[in-house]
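The next block holds one structure in the form of structure tokens; read it before the comments.
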Amino acid sequence: MPKTPGASPADSVPRCVEELGFIGCNLNPDPSGGNWTGPPLTDRAWYPLYEAMVELDVPAMVHVSSSDNPNFHTTGAHYLNGDTAVFMQLVTGDLFKDFPTLRFIIPHGGGAVPYHWGRYRGRAQSLNRPPLAEHVLRNVFFDTCVYHQAGIELLTKVIPAENILFASETFGAVEGIDPETGHHYDNTRRYIDAIPRLNDADRGLIFEDNARFVYGRLSKQLERQCS
């Protein structure tokens, strides 16, 4: 949501959560397909959608759609550009003051965010923003769709385990077998298992507990099924 350029986010309020059991939504920060003609996610034009998300207790996966701009390859550039751009929007804005329980998941390990964490900390400081841990990490989470060992290790070293959700893909952006390892690129479980710094509690957060927290309706559904 939204599905078309220029469509008001107010028209994309999720209406099938209670009827169909949806536990989240996909939020497209650039419906224009790589041209970025709409307002940032911190703009009040998005607020009706956020109000519904808070009321329904659903998070949003912030994920762009296809690129219509030949300068930006869809999966190789546009996806990662979207992750990075949205994070900076959240750093410069005050969205979570207005919506303290709003929850976003930024995919692909956050794009450039973990790699340039010092830059974002520095920009926040220069802009008189609060420290990132309290300004964004109470509301923003990152997934593990990162396809090499060093990348996953960097993600888990920079971002707290409490803010990482396990994710992989089937027929996703990176298919095939990595000739350097002999394993599928998107077998992200093995990358996490190979990090000695992570303990059982950290892995429990990444593989299950964080998802139960972020997707609050999921835990409620599981509780009803088990009762």
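By convention in this document, the chains of the structure tokens carry letters A, B, ... by their order, each chain's residues are numbered from 1, and ligands are numbered from 1 in the order they are shown.
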Report task. Looking only at alpha helix (DSSP H) from DSSP on the backbone, list the matching residues of stretch 30-147 of chain A as a PyMOL selection string. Result -> chain A and resi 47-56+79-92+95-98+117-126+132-135
Report task. Find the residues around stretch 152-164 of chain A up to 6 Å (only C-alpha atoms counted), leave out those fewer than 5 positions away in its own chain, and share them as an NGL selection string. Result -> :A and (114 or 141-143 or 202 or 206)
Could you write those residues out with N, CA and C atoms, as a PDB file, in the first residue's frame?
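The result, written out as result28.pdb:
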```
ATOM      1  N   PRO A 114      23.265  -0.614   8.472  1.00  0.00           N
ATOM      2  CA  PRO A 114      24.276  -1.133   9.408  1.00  0.00           C
ATOM      3  C   PRO A 114      25.700  -0.784   8.994  1.00  0.00           C
ATOM      4  N   PHE A 141      12.695  -2.390  13.059  1.00  0.00           N
ATOM      5  CA  PHE A 141      13.340  -3.696  13.110  1.00  0.00           C
ATOM      6  C   PHE A 141      13.886  -4.026  11.721  1.00  0.00           C
ATOM      7  N   PHE A 142      14.853  -4.918  11.675  1.00  0.00           N
ATOM      8  CA  PHE A 142      15.529  -5.269  10.431  1.00  0.00           C
ATOM      9  C   PHE A 142      15.460  -6.776  10.227  1.00  0.00           C
ATOM     10  N   ASP A 143      15.347  -7.211   8.981  1.00  0.00           N
ATOM     11  CA  ASP A 143      15.328  -8.652   8.746  1.00  0.00           C
ATOM     12  C   ASP A 143      16.697  -9.140   8.275  1.00  0.00           C
ATOM     13  N   ASP A 202      20.052 -14.810  22.176  1.00  0.00           N
ATOM     14  CA  ASP A 202      20.061 -13.954  20.986  1.00  0.00           C
ATOM     15  C   ASP A 202      19.365 -14.643  19.822  1.00  0.00           C
ATOM     16  N   ILE A 206      15.984 -13.647  17.571  1.00  0.00           N
ATOM     17  CA  ILE A 206      16.019 -13.487  16.115  1.00  0.00           C
ATOM     18  C   ILE A 206      15.077 -14.462  15.419  1.00  0.00           C
TER      19      ILE A 206
END
```
Report task. If you run DSSP over the backbone, which residues in stretch 39-224 of chain A end up strand (DSSP E)? Put them as a list in words. Result ->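 The strand (DSSP E) residues within stretch 39-224 of chain A come out as Ala60, Met61, Val62, Phe104, Ile105, Ile106, Val140, Phe141, Phe142, Asp143, Ile164 and Leu165 of chain A.
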Query - Exercise: A:Pro70 partners within 12 Å, only C-alpha atoms, chain neighbours under 3 positions left out, as a ChimeraX atom specification - result: /A:33-35,66-67,73-74,77-78
Taking N, CA, C and O atoms for each residue, export the selection above as a PDB file, in the first residue's frame.
```pdb
ATOM      1  N   GLY A  33       7.613   3.977  -8.279  1.00  0.00           N
ATOM      2  CA  GLY A  33       8.501   3.014  -8.909  1.00  0.00           C
ATOM      3  C   GLY A  33       9.891   3.528  -9.198  1.00  0.00           C
ATOM      4  O   GLY A  33      10.428   3.341 -10.292  1.00  0.00           O
ATOM      5  N   GLY A  34      10.500   4.177  -8.227  1.00  0.00           N
ATOM      6  CA  GLY A  34      11.867   4.630  -8.390  1.00  0.00           C
ATOM      7  C   GLY A  34      12.027   6.097  -8.710  1.00  0.00           C
ATOM      8  O   GLY A  34      13.144   6.574  -8.915  1.00  0.00           O
ATOM      9  N   ASN A  35      10.930   6.830  -8.754  1.00  0.00           N
ATOM     10  CA  ASN A  35      10.996   8.259  -9.055  1.00  0.00           C
ATOM     11  C   ASN A  35      10.788   9.143  -7.821  1.00  0.00           C
ATOM     12  O   ASN A  35      11.028  10.343  -7.865  1.00  0.00           O
ATOM     13  N   SER A  66       8.333  -2.559  -7.840  1.00  0.00           N
ATOM     14  CA  SER A  66       9.278  -2.575  -8.958  1.00  0.00           C
ATOM     15  C   SER A  66       9.756  -1.173  -9.308  1.00  0.00           C
ATOM     16  O   SER A  66       9.114  -0.175  -8.986  1.00  0.00           O
ATOM     17  N   SER A  67      10.889  -1.129  -9.973  1.00  0.00           N
ATOM     18  CA  SER A  67      11.441   0.154 -10.417  1.00  0.00           C
ATOM     19  C   SER A  67      11.014   0.443 -11.846  1.00  0.00           C
ATOM     20  O   SER A  67      11.155  -0.390 -12.731  1.00  0.00           O
ATOM     21  N   HIS A  73      18.130  -0.525 -10.906  1.00  0.00           N
ATOM     22  CA  HIS A  73      17.744  -1.926 -11.018  1.00  0.00           C
ATOM     23  C   HIS A  73      16.854  -2.278  -9.829  1.00  0.00           C
ATOM     24  O   HIS A  73      17.142  -1.897  -8.688  1.00  0.00           O
ATOM     25  N   THR A  74      15.789  -3.018 -10.092  1.00  0.00           N
ATOM     26  CA  THR A  74      14.783  -3.222  -9.043  1.00  0.00           C
ATOM     27  C   THR A  74      15.367  -3.871  -7.789  1.00  0.00           C
ATOM     28  O   THR A  74      15.297  -3.317  -6.689  1.00  0.00           O
ATOM     29  N   ALA A  77      19.313  -2.325  -6.763  1.00  0.00           N
ATOM     30  CA  ALA A  77      19.493  -0.934  -6.336  1.00  0.00           C
ATOM     31  C   ALA A  77      18.232  -0.370  -5.684  1.00  0.00           C
ATOM     32  O   ALA A  77      18.281   0.146  -4.573  1.00  0.00           O
ATOM     33  N   HIS A  78      17.096  -0.466  -6.375  1.00  0.00           N
ATOM     34  CA  HIS A  78      15.873   0.184  -5.901  1.00  0.00           C
ATOM     35  C   HIS A  78      15.456  -0.332  -4.523  1.00  0.00           C
ATOM     36  O   HIS A  78      15.080   0.458  -3.642  1.00  0.00           O
TER      37      HIS A  78
END
```
Requested in this report: Please provide the set of residues having any atom within 12 Å of A:Phe104, restricted to only C-alpha atoms, with same-chain residues fewer than 5 positions apart removed, written as a PyMOL selection string.
Outcome: chain A and resi 24-29+41+50+53-54+57-63+83+86-87+90+95-96+99+110+136-143+163-165+211+213-215
Within 10 Å of A:Glu169, counting only C-alpha atoms, which residues qualify if same-chain residues fewer than 5 places away don't, as a short mmCIF file (atom, residue, chain, number, x, y, z; two decimals) with N, CA and C atoms, in the first residue's frame?
```cif
data_model
loop_
_atom_site.label_atom_id
_atom_site.label_comp_id
_atom_site.auth_asym_id
_atom_site.auth_seq_id
_atom_site.Cartn_x
_atom_site.Cartn_y
_atom_site.Cartn_z
N THR A 144 16.81 -10.46 8.12
CA THR A 144 18.11 -11.08 7.81
C THR A 144 18.27 -11.47 6.36
N CYS A 145 17.57 -10.80 5.45
CA CYS A 145 17.75 -11.09 4.03
C CYS A 145 19.04 -10.44 3.54
N VAL A 174 18.04 -13.03 -4.77
CA VAL A 174 19.31 -13.70 -4.99
C VAL A 174 19.07 -15.21 -4.99
N GLU A 175 19.08 -15.81 -6.17
CA GLU A 175 18.85 -17.24 -6.31
C GLU A 175 20.18 -17.94 -6.63
N TYR A 185 22.64 -18.94 -1.64
CA TYR A 185 22.83 -17.61 -1.09
C TYR A 185 21.80 -17.28 -0.01
N ASP A 186 20.54 -17.66 -0.27
CA ASP A 186 19.48 -17.24 0.63
C ASP A 186 19.21 -18.20 1.79
N ASN A 187 20.16 -19.10 2.06
CA ASN A 187 20.06 -19.94 3.24
C ASN A 187 20.61 -19.15 4.42
N THR A 188 19.82 -18.21 4.90
CA THR A 188 20.31 -17.28 5.92
C THR A 188 20.42 -17.91 7.30
#
```
Query raised in the report: Could you name the residues that touch stretch 5-10 of chain A at 8 Å or less, counting only C-alpha atoms, but leaving out those on the same chain fewer than 3 positions away, as a list in words?
Result: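 Near stretch 5-10 of chain A, the qualifying residues are Met1, Pro2, Val13, Asp30, Pro31, Ser32, Gly38, Ala45, Trp46, Tyr47, Pro48 and Leu49 of chain A.
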Restricting the output to C-alpha atoms, write the selected residues as a PDB file, in the first residue's frame.
```
ATOM      1  CA  MET A   1       0.000   0.000   0.000  1.00  0.00           C
ATOM      2  CA  PRO A   2      -0.555   2.358  -1.708  1.00  0.00           C
ATOM      3  CA  VAL A  13      -6.127   1.486   5.326  1.00  0.00           C
ATOM      4  CA  ASP A  30       7.624   4.923  -3.299  1.00  0.00           C
ATOM      5  CA  PRO A  31       4.531   4.000  -5.347  1.00  0.00           C
ATOM      6  CA  SER A  32       6.069   5.880  -8.292  1.00  0.00           C
ATOM      7  CA  GLY A  38       5.415  11.177  -3.080  1.00  0.00           C
ATOM      8  CA  ALA A  45      -0.527  12.363   4.676  1.00  0.00           C
ATOM      9  CA  TRP A  46       0.333   8.872   5.940  1.00  0.00           C
ATOM     10  CA  TYR A  47      -1.174   9.371   9.380  1.00  0.00           C
ATOM     11  CA  PRO A  48      -4.617   7.835   8.677  1.00  0.00           C
ATOM     12  CA  LEU A  49      -2.845   4.608   7.746  1.00  0.00           C
TER      13      LEU A  49
END
```
Query raised in the report: Suppose you want the space between atom CA of A:Leu132 and atom CA of A:Val91; what is it in Å?
Result: 7.5 Å
